[in-house]
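**Student:** Quick one: the structure is below, questions incoming.
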Amino acid sequence: MHFDKPAGSNPIDRLKVVGQPVSRIDGPLKTTGTATYAYENRDIGGKPAYGFVLGAAIGKGRISSIDESRARAAPGVLAIVTARNAGKLGVGAFYVDRALAGPGVDHYGQAVAVVVAETFEQARAAASLLDVRYVRAHGAFDLAGAKDIAVTPRAAAFGPPPQSGIGDFAGAFAAAPVTLDETYTTPDQSHAMMEPHASIAVWQGDRLTVWCPIQQLNWGTRDLGLILGIPKENIRLLAPYIGGGFGGKGTVLADTVAAALAARAVGRPVKVALTRPLMFNSTTHRPATIQRIRIGAGRDGKITAIGHESWSGNLRGGRTEAATASTRWLYAGANRMTRLRLAVLDLAEGNAMRAPGEAPGMMTLEIAMDEMAEKLGIDPVEFRILNDTQFAPEEPQRPFSKRQLVECLRVGAERFGWRQRQSKTGAVRDGQWLVGMGAAAAIRGAPIAKSAARVRLDGQGIVTVETDMTDLGTGSYTIIAQTAAEMMGVGLDQVVVRLGDSRLPESPGSGGQWGAASATSGVYAACVKLRETVAQKLGFAAATGIEFADGHVQSGERRVPLKDAAVQGELVAEDEMTYGDLSKQYAHQTFGAHFVELGVHAFTGEIRLRRMLAVCAAGRILNPKLARSQVIGAMVMGAGAALMEELVVDPRAGCFINHDLAAYEVPVHADIPQQDVIFIDEVDDTMSPMKAKGVGELGLCGVAAAIANAVYTATGVRVRDYPITLDKFLDRLPVQV
């Protein structure tokens with residue numbers, strides 16, 4: 001099915017199943033511990049061996065020798081795989097990190113060897129006996145130190161152009177009566193998902209099967225094929241359940257490659273799970289940024305110039321953190337400039353993490369907007385509303401398909417009690433606590449991609465949906481089931497969903513906030529074809545004008561059970577949803593607003609969140625319960641980014657030293673207060689027949705800045721370097737008497 005004009009009325013609009021707050025259909029499996037994650041699979045074709053990955057102990061240099069004698073003599077050892085005996089290895093198309101170090105070492109923690117043994121404990125013990133000798137080289141581990149030699153990065157497939165401009169930014173900024181020119185920093189951050197990077201691999205001749213936690217299976221087969229030098233058609237990846245990813249499991253990483261190499265070496269299934277320190281230092285992370293934002297405005301508050309420059313670092317050949325993405329879309333202003341710069345750093349690869357680009361970019365832009373509002377003497381919410389636009393700022397002739405930013409801000413302000421906010425900093429006290437409110441806008445792209453599905457109808461009236469889409473805790477199983485149930489007129493108990501197998505019809509997978517809208521559209525297309533087949537089998541003149549409801553097919557006075565169509569055998573339909581150029585005619589984005597109230601202890605500087613509210617406009621909400629879960633989870637992640645999350649670099653070793661869940665701090669229950677989520681009614685018929693967009697990353701964008709702005713309102717101290725820890729403002733708190 002090809003979608004190239006705005007959607008008209010269709011069966012989804014009935015909203016009998018779609019749009020309802022249905023609980024996760026996979027919930028019972030997960031809460032009872034019977035959902036099988038990658039490392040837990042047992043039906044793998046034989047008794048597994050275990051691989052243990054040894055990471056590089058230096059940040060830059062080369063391996064001069066590896067003495068394996070003691071390790072090979074250790075109990076249970078079956079093989080040791082290194083770059084010397086692994087065969088020629090390539091690099092995938094998305095991540096640039098090499099799967100095995102040797103002879104060069106590109107970063108601390110890069111896999112040096114995989115020790116394979118009968119048990120995990122034997123493999124771990126033997127790995128400690130490897131004698132690896134290194135020759136150290138000077139490495140670059142500090143973004144600030146490399147900032148001056150950063151270069152313009154190459155254009156990437158995802159993210160904004162390295163540079164953009166319209167009008168005369170420099171001239172307009174110089175002429176503006178009110179200006180802001182500030183620099184902000186965001187630190188390296190880790191995905192820190194619960195499920196580790198863990199895979200099981202088995203070879204059958206020249207064919208490879210891997211159970212793995214990969215979000216995009218089509219990328220995974222492609223990249224594993226490139227790395228191993230085998231056709232992707234010879235690879236089967238299975239990921240029916242994923243225990244969190246946040247972009248950190250986009251495609252093939254060290255665990256999957258190590259398992260494949262180890263299984264080939266020993267001729268039997270091999271299980272590989274990365275330790276937490278290796279997850280932090282051997283996989284990917286959100287890279288640190290240095291961002292300079294300049295805004296010029298007239299005394300009426302209208303922005304006349306806006307410029308955003310961002311520096312980040314990565315391995316050679318890696319992508320930049322696209323922090324300027326949101327600035328290109330969010331506010332009006334005739335004169336504009338954005339620039340990205342990339343420095344080569346010898347740290348673990350920086351790559352996609354929930355809302356790459358927008359998340360760190362909004363951490364800074366939305367502080368700058370508050371600072372500018374204060375200079376102008378305008379309420380921060382009203383300042384944002386004043387600079388709203390219904391057209392893409394860099395393309396004034398291109399309208400947004402839907403843009404309800406103003407509604408989000410106004411509804412949020414009313415619900416949160418924004419009018420009670422004191423504009424004077426440090427003015428509100430609650431005992432020994434200084435209390436403040438903060439707000440920020442939210443924006444995240446609304447991409448959609450080709451997606452396929454297969455739908456089956458059997459003689460019992462059961463509808464089975466098959467697609468290689470993944471579910472990393474987001475609810476893919478449920479919204480796909482809802483889509484099929486709505487289209488075929490059956491209850492959810494009559495739908496079976498099969499996901500996470502690369503042999504199933506190809507979807508774009510989970511990532512980039514495109515998963516829900518794309519995968520359900522593919523299911524919609526397959527169901528349209530199945531409806532046509534059913535109509536033909538039951539002898540209806542045409543599929544149009546026929547209603548599928550309550551397990552029956554009806555046209556006029558004739559009403560037939562749906563299952564009768566498959567009485568002579570299962571019916572199967574497969575199709576994919578492809579797209580025309582509506583995304584070029586319209587700017588597709590999601591919008592929102594975040595509001596926060598918090599307290600800062602007047603003597604200790606401790607920050608305690610009190611209330612959080614998110615208001616989101618993101619197309620049709622396919623399942624309000626699941627969408628709310630996504631947004632409140634994103635708000636928690638935003639709280640972590642604002643107040644505690646920071647990978648600390650040891651400049652001597654070139655490693656992240658807080659490389660586990662004990663030292664890398666993330667929010668716990670006690671850190672999170674009352675949260676509320678409001679969805680603005682929005683149906684975007686230019687997106688797809690589902691008229692939906694993604695929402696899971698929108699809920700993160702802007703949260704950290706709202707917290708930062710609340711800290712400023714409470715204390716009068718502006719912190720421009722995340723995370724906002726008390727050492728950065730304690731000595732500047734208002735004097736208490």
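If you're wondering about the labels, chains in the structure tokens are A, B, ... by order shown, residues count from 1 in each chain, ligands from 1 in order shown.
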Do a neighbour search on Thr284 (chain A) at 10 Å with only C-alpha atoms, toss out local chain neighbours closer than 6 positions, and write the hits as a PyMOL selection string.

**Tutor:** chain A and resi 95+97+189-191+247-250+253+347-353

**Student:** Write out, as a PDB file, in the first residue's frame, the residues just selected, with N, CA and C atoms.

**Tutor:**
```pdb
ATOM      1  N   TYR A  95      27.208   1.661  13.530  1.00  0.00           N
ATOM      2  CA  TYR A  95      28.275   1.884  14.501  1.00  0.00           C
ATOM      3  C   TYR A  95      29.625   1.783  13.794  1.00  0.00           C
ATOM      4  N   ASP A  97      32.628   1.471  15.627  1.00  0.00           N
ATOM      5  CA  ASP A  97      33.597   0.796  16.486  1.00  0.00           C
ATOM      6  C   ASP A  97      33.944  -0.582  15.925  1.00  0.00           C
ATOM      7  N   GLN A 189      26.664  10.495  28.834  1.00  0.00           N
ATOM      8  CA  GLN A 189      25.628   9.783  29.575  1.00  0.00           C
ATOM      9  C   GLN A 189      25.526   8.345  29.078  1.00  0.00           C
ATOM     10  N   SER A 190      25.084   7.465  29.956  1.00  0.00           N
ATOM     11  CA  SER A 190      24.937   6.052  29.609  1.00  0.00           C
ATOM     12  C   SER A 190      23.472   5.658  29.515  1.00  0.00           C
ATOM     13  N   HIS A 191      23.179   4.706  28.636  1.00  0.00           N
ATOM     14  CA  HIS A 191      21.815   4.176  28.514  1.00  0.00           C
ATOM     15  C   HIS A 191      21.380   3.465  29.790  1.00  0.00           C
ATOM     16  N   GLY A 247      18.042   3.209  22.578  1.00  0.00           N
ATOM     17  CA  GLY A 247      18.957   3.476  21.474  1.00  0.00           C
ATOM     18  C   GLY A 247      20.284   2.775  21.610  1.00  0.00           C
ATOM     19  N   GLY A 248      20.575   2.228  22.790  1.00  0.00           N
ATOM     20  CA  GLY A 248      21.866   1.597  23.022  1.00  0.00           C
ATOM     21  C   GLY A 248      21.971   0.186  22.482  1.00  0.00           C
ATOM     22  N   LYS A 249      20.883  -0.320  21.889  1.00  0.00           N
ATOM     23  CA  LYS A 249      20.902  -1.650  21.274  1.00  0.00           C
ATOM     24  C   LYS A 249      20.398  -1.558  19.842  1.00  0.00           C
ATOM     25  N   GLY A 250      20.722  -0.449  19.184  1.00  0.00           N
ATOM     26  CA  GLY A 250      20.204  -0.215  17.844  1.00  0.00           C
ATOM     27  C   GLY A 250      20.539  -1.315  16.869  1.00  0.00           C
ATOM     28  N   LEU A 253      26.519  -5.053  18.422  1.00  0.00           N
ATOM     29  CA  LEU A 253      27.597  -4.591  19.289  1.00  0.00           C
ATOM     30  C   LEU A 253      28.453  -5.782  19.717  1.00  0.00           C
ATOM     31  N   LEU A 347      37.419   7.799  23.146  1.00  0.00           N
ATOM     32  CA  LEU A 347      36.515   7.201  24.121  1.00  0.00           C
ATOM     33  C   LEU A 347      35.610   6.207  23.400  1.00  0.00           C
ATOM     34  N   ALA A 348      34.884   5.408  24.163  1.00  0.00           N
ATOM     35  CA  ALA A 348      33.903   4.511  23.550  1.00  0.00           C
ATOM     36  C   ALA A 348      32.983   5.318  22.640  1.00  0.00           C
ATOM     37  N   GLU A 349      32.423   4.649  21.665  1.00  0.00           N
ATOM     38  CA  GLU A 349      31.667   5.351  20.627  1.00  0.00           C
ATOM     39  C   GLU A 349      30.478   6.124  21.181  1.00  0.00           C
ATOM     40  N   GLY A 350      30.316   7.338  20.685  1.00  0.00           N
ATOM     41  CA  GLY A 350      29.130   8.132  20.974  1.00  0.00           C
ATOM     42  C   GLY A 350      28.112   7.911  19.867  1.00  0.00           C
ATOM     43  N   ASN A 351      26.892   7.574  20.247  1.00  0.00           N
ATOM     44  CA  ASN A 351      25.887   7.314  19.230  1.00  0.00           C
ATOM     45  C   ASN A 351      24.500   7.494  19.825  1.00  0.00           C
ATOM     46  N   ALA A 352      23.490   6.972  19.145  1.00  0.00           N
ATOM     47  CA  ALA A 352      22.103   7.262  19.476  1.00  0.00           C
ATOM     48  C   ALA A 352      21.745   6.889  20.906  1.00  0.00           C
ATOM     49  N   MET A 353      21.147   7.842  21.597  1.00  0.00           N
ATOM     50  CA  MET A 353      20.519   7.592  22.901  1.00  0.00           C
ATOM     51  C   MET A 353      19.230   8.390  22.916  1.00  0.00           C
TER      52      MET A 353
END
```

**Student:** Using only C-alpha atoms, find each residue in region 501-567 of chain A having at least one atom no more than 9 Å away from region 683-704 of chain A; report its shortest atom-to-atom pair and that distance in Å (one decimal), rows by chain then rising number, as a Markdown table.

**Tutor:**
```
| residue | atom | partner | partner_atom | distance |
| --- | --- | --- | --- | --- |
| A:Gly512 | CA | A:Glu697 | CA | 7.9 |
| A:Gln513 | CA | A:Gly694 | CA | 4.9 |
| A:Trp514 | CA | A:Gly694 | CA | 5.9 |
| A:Gly515 | CA | A:Gly694 | CA | 7.2 |
| A:Ala516 | CA | A:Gly694 | CA | 6.1 |
| A:Ala517 | CA | A:Lys693 | CA | 5.3 |
| A:Ser518 | CA | A:Ser688 | CA | 8.4 |
| A:Thr520 | CA | A:Met690 | CA | 7.3 |
| A:Ser521 | CA | A:Met690 | CA | 6.2 |
| A:Tyr524 | CA | A:Pro689 | CA | 7.7 |
| A:Ala525 | CA | A:Pro689 | CA | 9.0 |
```

**Student:** Taking N, CA, C and O atoms for each residue, export the selection above as a CSV table (one decimal), in the first residue's frame.

**Tutor:**
```
chain,number,residue,atom,x,y,z
A,512,GLY,N,14.2,6.1,17.1
A,512,GLY,CA,14.0,7.3,16.4
A,512,GLY,C,12.6,7.9,16.6
A,512,GLY,O,12.2,8.8,15.8
A,513,GLN,N,11.8,7.3,17.5
A,513,GLN,CA,10.4,7.6,17.7
A,513,GLN,C,9.5,7.3,16.4
A,513,GLN,O,8.5,7.9,16.2
A,514,TRP,N,10.0,6.4,15.6
A,514,TRP,CA,9.3,6.0,14.4
A,514,TRP,C,8.6,4.7,14.5
A,514,TRP,O,7.7,4.3,13.7
A,515,GLY,N,8.9,3.9,15.6
A,515,GLY,CA,8.4,2.6,15.6
A,515,GLY,C,6.9,2.4,15.6
A,515,GLY,O,6.4,1.6,14.8
A,516,ALA,N,6.2,3.0,16.5
A,516,ALA,CA,4.8,2.8,16.7
A,516,ALA,C,4.0,3.2,15.4
A,516,ALA,O,3.2,2.4,14.9
A,517,ALA,N,4.3,4.4,14.9
A,517,ALA,CA,3.5,4.9,13.8
A,517,ALA,C,3.8,4.0,12.5
A,517,ALA,O,2.9,3.7,11.7
A,518,SER,N,5.1,3.6,12.4
A,518,SER,CA,5.5,2.8,11.2
A,518,SER,C,4.9,1.4,11.3
A,518,SER,O,4.3,0.9,10.3
A,520,THR,N,2.5,0.0,13.0
A,520,THR,CA,1.1,-0.2,13.0
A,520,THR,C,0.6,0.1,11.6
A,520,THR,O,-0.4,-0.5,11.1
A,521,SER,N,1.2,1.0,10.9
A,521,SER,CA,0.8,1.3,9.5
A,521,SER,C,1.0,0.1,8.6
A,521,SER,O,0.2,-0.2,7.7
A,524,TYR,N,-1.7,-2.2,9.3
A,524,TYR,CA,-2.9,-1.7,8.6
A,524,TYR,C,-2.9,-2.1,7.2
A,524,TYR,O,-4.0,-2.6,6.7
A,525,ALA,N,-1.8,-2.0,6.5
A,525,ALA,CA,-1.8,-2.3,5.0
A,525,ALA,C,-2.0,-3.8,4.8
A,525,ALA,O,-2.8,-4.2,3.9
```

**Student:** So that I can check the surroundings of region 711-728 of chain A, please list as a ChimeraX atom specification every protein, DNA and RNA residue that reaches within 8 Å of it, counting only C-alpha atoms and ignoring chain neighbours fewer than 3 positions away.

**Tutor:** /A:183-187,364,422-428,434-438,598-600,604-606,641-646,707-708,731-734

**Student:** Could the residues in this selection be saved with C-alpha atoms as an mmCIF file, in the first residue's frame?

**Tutor:**
```
data_model
loop_
_atom_site.group_PDB
_atom_site.id
_atom_site.type_symbol
_atom_site.label_atom_id
_atom_site.label_comp_id
_atom_site.auth_asym_id
_atom_site.auth_seq_id
_atom_site.Cartn_x
_atom_site.Cartn_y
_atom_site.Cartn_z
ATOM 1 C CA THR A 183 27.661 28.623 26.677
ATOM 2 C CA TYR A 184 26.241 25.448 28.192
ATOM 3 C CA THR A 185 27.602 21.926 28.624
ATOM 4 C CA THR A 186 26.061 18.481 28.828
ATOM 5 C CA PRO A 187 28.084 15.437 29.974
ATOM 6 C CA THR A 364 20.402 24.124 26.664
ATOM 7 C CA GLN A 422 6.765 34.116 41.554
ATOM 8 C CA SER A 423 9.006 35.750 38.957
ATOM 9 C CA LYS A 424 11.327 37.059 41.662
ATOM 10 C CA THR A 425 13.922 34.419 42.404
ATOM 11 C CA GLY A 426 14.271 33.027 45.908
ATOM 12 C CA ALA A 427 10.937 34.521 46.910
ATOM 13 C CA VAL A 428 9.058 31.376 47.906
ATOM 14 C CA LEU A 434 13.494 27.425 48.589
ATOM 15 C CA VAL A 435 10.682 26.588 46.146
ATOM 16 C CA GLY A 436 10.651 27.276 42.427
ATOM 17 C CA MET A 437 8.718 26.483 39.256
ATOM 18 C CA GLY A 438 10.172 25.951 35.818
ATOM 19 C CA LEU A 598 10.925 21.650 43.177
ATOM 20 C CA GLY A 599 12.543 22.612 46.416
ATOM 21 C CA VAL A 600 16.193 23.444 47.088
ATOM 22 C CA THR A 604 22.519 21.963 52.076
ATOM 23 C CA GLY A 605 21.589 22.665 48.457
ATOM 24 C CA GLU A 606 19.730 19.355 48.189
ATOM 25 C CA ALA A 641 19.892 13.970 33.096
ATOM 26 C CA ALA A 642 19.227 17.193 34.960
ATOM 27 C CA LEU A 643 20.360 16.235 38.437
ATOM 28 C CA MET A 644 22.735 13.270 38.502
ATOM 29 C CA GLU A 645 23.694 11.436 35.311
ATOM 30 C CA GLU A 646 27.292 11.951 34.237
ATOM 31 C CA ILE A 707 14.205 21.470 36.147
ATOM 32 C CA ALA A 708 17.152 23.812 35.613
ATOM 33 C CA ASP A 731 28.356 28.700 47.628
ATOM 34 C CA ARG A 732 26.009 31.024 45.733
ATOM 35 C CA LEU A 733 22.772 30.259 47.545
ATOM 36 C CA PRO A 734 20.975 33.252 49.078
#
```

**Student:** When DSSP is applied to the backbone of this structure, which of region 396-560 of chain A are assigned strand (DSSP E or B)? Write them out as a ChimeraX atom specification.

**Tutor:** /A:396-400,429-430,433-445,451-457,463-466,495-498,501,547-549,552-555,558-560

**Student:** Can you tell me, as a list in words, what residues are no more than 8 Å from region 365-367 of chain A when counting only C-alpha atoms, ignoring any on the same chain fewer than 5 positions away?

**Tutor:**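 Here the answer would be Ile293, Thr327, Ala440, Ala441, Gly702, Ala705, Ala706, Ala708 and Asn709 of chain A.
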
**Student:** When you look at region 33-50 of chain A with a cut-off of 8 Å (counting only C-alpha atoms), what residues show up, excluding the ones that are within fewer than 4 positions of it in the same chain? I need them as a PyMOL selection string.

**Tutor:** chain A and resi 26+29+116-120+123+198-200+202+211-213+238-243+268-273

**Student:** Export, as a short mmCIF file (atom, residue, chain, number, x, y, z; two decimals), in the first residue's frame, the selected residues with N, CA, C and O atoms.

**Tutor:**
```cif
data_model
loop_
_atom_site.label_atom_id
_atom_site.label_comp_id
_atom_site.auth_asym_id
_atom_site.auth_seq_id
_atom_site.Cartn_x
_atom_site.Cartn_y
_atom_site.Cartn_z
N ASP A 26 1.43 -8.48 26.75
CA ASP A 26 2.60 -9.25 27.18
C ASP A 26 2.89 -9.05 28.67
O ASP A 26 3.85 -9.64 29.19
N LEU A 29 3.23 -12.23 30.97
CA LEU A 29 4.47 -12.97 30.74
C LEU A 29 5.63 -12.31 31.48
O LEU A 29 6.48 -12.99 32.08
N VAL A 116 36.33 -18.78 25.71
CA VAL A 116 35.18 -19.67 25.67
C VAL A 116 35.46 -20.89 26.55
O VAL A 116 36.51 -21.53 26.42
N ALA A 117 34.50 -21.20 27.43
CA ALA A 117 34.67 -22.33 28.34
C ALA A 117 33.34 -23.00 28.59
O ALA A 117 32.28 -22.53 28.13
N GLU A 118 33.37 -24.08 29.33
CA GLU A 118 32.16 -24.85 29.60
C GLU A 118 31.18 -24.08 30.49
O GLU A 118 29.97 -24.26 30.38
N THR A 119 31.70 -23.25 31.39
CA THR A 119 30.83 -22.46 32.25
C THR A 119 31.26 -21.00 32.20
O THR A 119 32.40 -20.68 31.83
N PHE A 120 30.34 -20.13 32.61
CA PHE A 120 30.66 -18.71 32.67
C PHE A 120 31.82 -18.45 33.63
O PHE A 120 32.74 -17.69 33.33
N ALA A 123 35.13 -19.37 32.12
CA ALA A 123 35.54 -18.41 31.10
C ALA A 123 36.06 -17.12 31.74
O ALA A 123 37.08 -16.56 31.32
N ALA A 198 23.57 -9.05 25.79
CA ALA A 198 23.79 -10.48 25.98
C ALA A 198 23.18 -11.24 24.80
O ALA A 198 22.03 -10.99 24.43
N SER A 199 23.95 -12.16 24.23
CA SER A 199 23.52 -12.88 23.04
C SER A 199 23.88 -14.36 23.12
O SER A 199 24.80 -14.76 23.84
N ILE A 200 23.15 -15.16 22.35
CA ILE A 200 23.48 -16.57 22.14
C ILE A 200 23.59 -16.79 20.63
O ILE A 200 22.69 -16.38 19.88
N VAL A 202 24.58 -19.60 17.37
CA VAL A 202 24.78 -20.98 16.94
C VAL A 202 24.88 -21.01 15.41
O VAL A 202 24.14 -20.30 14.72
N TRP A 211 20.26 -15.17 19.12
CA TRP A 211 19.27 -14.57 20.01
C TRP A 211 19.94 -13.35 20.64
O TRP A 211 20.98 -13.48 21.30
N CYS A 212 19.38 -12.17 20.43
CA CYS A 212 20.10 -10.95 20.80
C CYS A 212 19.12 -9.82 21.09
O CYS A 212 18.00 -9.81 20.58
N PRO A 213 19.52 -8.86 21.89
CA PRO A 213 18.65 -7.71 22.19
C PRO A 213 18.94 -6.55 21.24
O PRO A 213 19.59 -5.56 21.60
N LEU A 238 16.91 -13.16 16.47
CA LEU A 238 15.69 -13.34 17.24
C LEU A 238 15.73 -12.43 18.47
O LEU A 238 16.65 -12.52 19.29
N ALA A 239 14.74 -11.56 18.58
CA ALA A 239 14.67 -10.63 19.72
C ALA A 239 13.20 -10.39 20.09
O ALA A 239 12.71 -9.27 19.97
N PRO A 240 12.50 -11.42 20.54
CA PRO A 240 11.08 -11.24 20.85
C PRO A 240 10.84 -10.34 22.06
O PRO A 240 9.80 -9.69 22.14
N TYR A 241 11.79 -10.30 22.99
CA TYR A 241 11.67 -9.41 24.15
C TYR A 241 13.02 -8.74 24.39
O TYR A 241 14.07 -9.39 24.33
N ILE A 242 12.98 -7.45 24.68
CA ILE A 242 14.19 -6.69 24.96
C ILE A 242 13.97 -5.94 26.27
O ILE A 242 12.95 -5.26 26.44
N GLY A 243 14.93 -6.06 27.17
CA GLY A 243 14.79 -5.45 28.49
C GLY A 243 15.35 -4.05 28.55
O GLY A 243 16.21 -3.75 29.38
N ARG A 268 29.64 -25.05 18.53
CA ARG A 268 28.45 -25.29 19.35
C ARG A 268 27.89 -23.95 19.80
O ARG A 268 28.55 -22.91 19.64
N PRO A 269 26.68 -23.92 20.35
CA PRO A 269 26.12 -22.64 20.81
C PRO A 269 26.99 -22.00 21.88
O PRO A 269 27.55 -22.69 22.74
N VAL A 270 27.08 -20.68 21.83
CA VAL A 270 27.84 -19.93 22.84
C VAL A 270 27.01 -18.75 23.32
O VAL A 270 26.39 -18.03 22.53
N LYS A 271 27.03 -18.57 24.64
CA LYS A 271 26.34 -17.45 25.28
C LYS A 271 27.38 -16.42 25.73
O LYS A 271 28.37 -16.78 26.35
N VAL A 272 27.11 -15.16 25.41
CA VAL A 272 28.01 -14.07 25.82
C VAL A 272 27.18 -12.95 26.43
O VAL A 272 26.24 -12.46 25.80
N ALA A 273 27.52 -12.56 27.64
CA ALA A 273 26.89 -11.41 28.30
C ALA A 273 27.99 -10.45 28.72
O ALA A 273 28.95 -10.85 29.38
#
```

**Student:** Step one, run DSSP on the backbone; step two, keep only residues of region 2-55 of chain A assigned to helix (DSSP H, G or I); then write them as a PyMOL selection string.

**Tutor:** chain A and resi 11-14+27-31+38-40

**Student:** Distance CA of Val463 (chain A)-CA of Ile479 (chain A), one decimal place?

**Tutor:** 14.3 Å

**Student:** I'd like the neighbourhood of Arg628 (chain A) as JSON, numbers by chain, where a residue qualifies if any of its atoms comes within 9 Å (using only C-alpha atoms), though same-chain residues fewer than 6 positions away should be ignored.

**Tutor:** {"A": [676, 677, 678, 679, 696]}

**Student:** Could you write out that same residue set with N, CA and C atoms as a PDB file, in the first residue's frame?

**Tutor:**
```
ATOM      1  N   ASP A 676       2.200  13.861  36.150  1.00  0.00           N
ATOM      2  CA  ASP A 676       0.937  13.883  35.422  1.00  0.00           C
ATOM      3  C   ASP A 676       1.244  14.069  33.947  1.00  0.00           C
ATOM      4  N   VAL A 677       0.401  13.498  33.105  1.00  0.00           N
ATOM      5  CA  VAL A 677       0.568  13.588  31.655  1.00  0.00           C
ATOM      6  C   VAL A 677      -0.769  13.946  31.035  1.00  0.00           C
ATOM      7  N   ILE A 678      -0.767  14.903  30.133  1.00  0.00           N
ATOM      8  CA  ILE A 678      -1.960  15.300  29.385  1.00  0.00           C
ATOM      9  C   ILE A 678      -1.654  15.152  27.900  1.00  0.00           C
ATOM     10  N   PHE A 679      -2.557  14.516  27.176  1.00  0.00           N
ATOM     11  CA  PHE A 679      -2.417  14.413  25.729  1.00  0.00           C
ATOM     12  C   PHE A 679      -3.425  15.349  25.067  1.00  0.00           C
ATOM     13  N   GLY A 696       7.370   8.558  22.666  1.00  0.00           N
ATOM     14  CA  GLY A 696       8.258   8.118  23.736  1.00  0.00           C
ATOM     15  C   GLY A 696       9.487   8.972  23.948  1.00  0.00           C
TER      16      GLY A 696
END
```

**Student:** Enter the distance from CA of Thr289 (chain A) to CA of Asn314 (chain A), in Å, rounded to one decimal.

**Tutor:**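 Taking CA of Thr289 (chain A) and CA of Asn314 (chain A), their separation equals 10.8 Å.
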
**Student:** Can you list, as a VMD selection string, every protein, DNA or RNA residue that comes within 8 Å of Ile657 (chain A) when you count only C-alpha atoms, leaving out same-chain residues fewer than 5 positions away?

**Tutor:** chain A and resid 647 to 650

**Student:** Just to be explicit: take each residue in the selection above, keep C-alpha atoms, and write the result as a PDB file, in the first residue's frame.

**Tutor:**
```
ATOM      1  CA  LEU A 647      29.921   9.566  32.944  1.00  0.00           C
ATOM      2  CA  VAL A 648      33.178  10.740  34.508  1.00  0.00           C
ATOM      3  CA  VAL A 649      36.276  10.399  32.320  1.00  0.00           C
ATOM      4  CA  ASP A 650      39.627   9.451  33.816  1.00  0.00           C
TER       5      ASP A 650
END
```
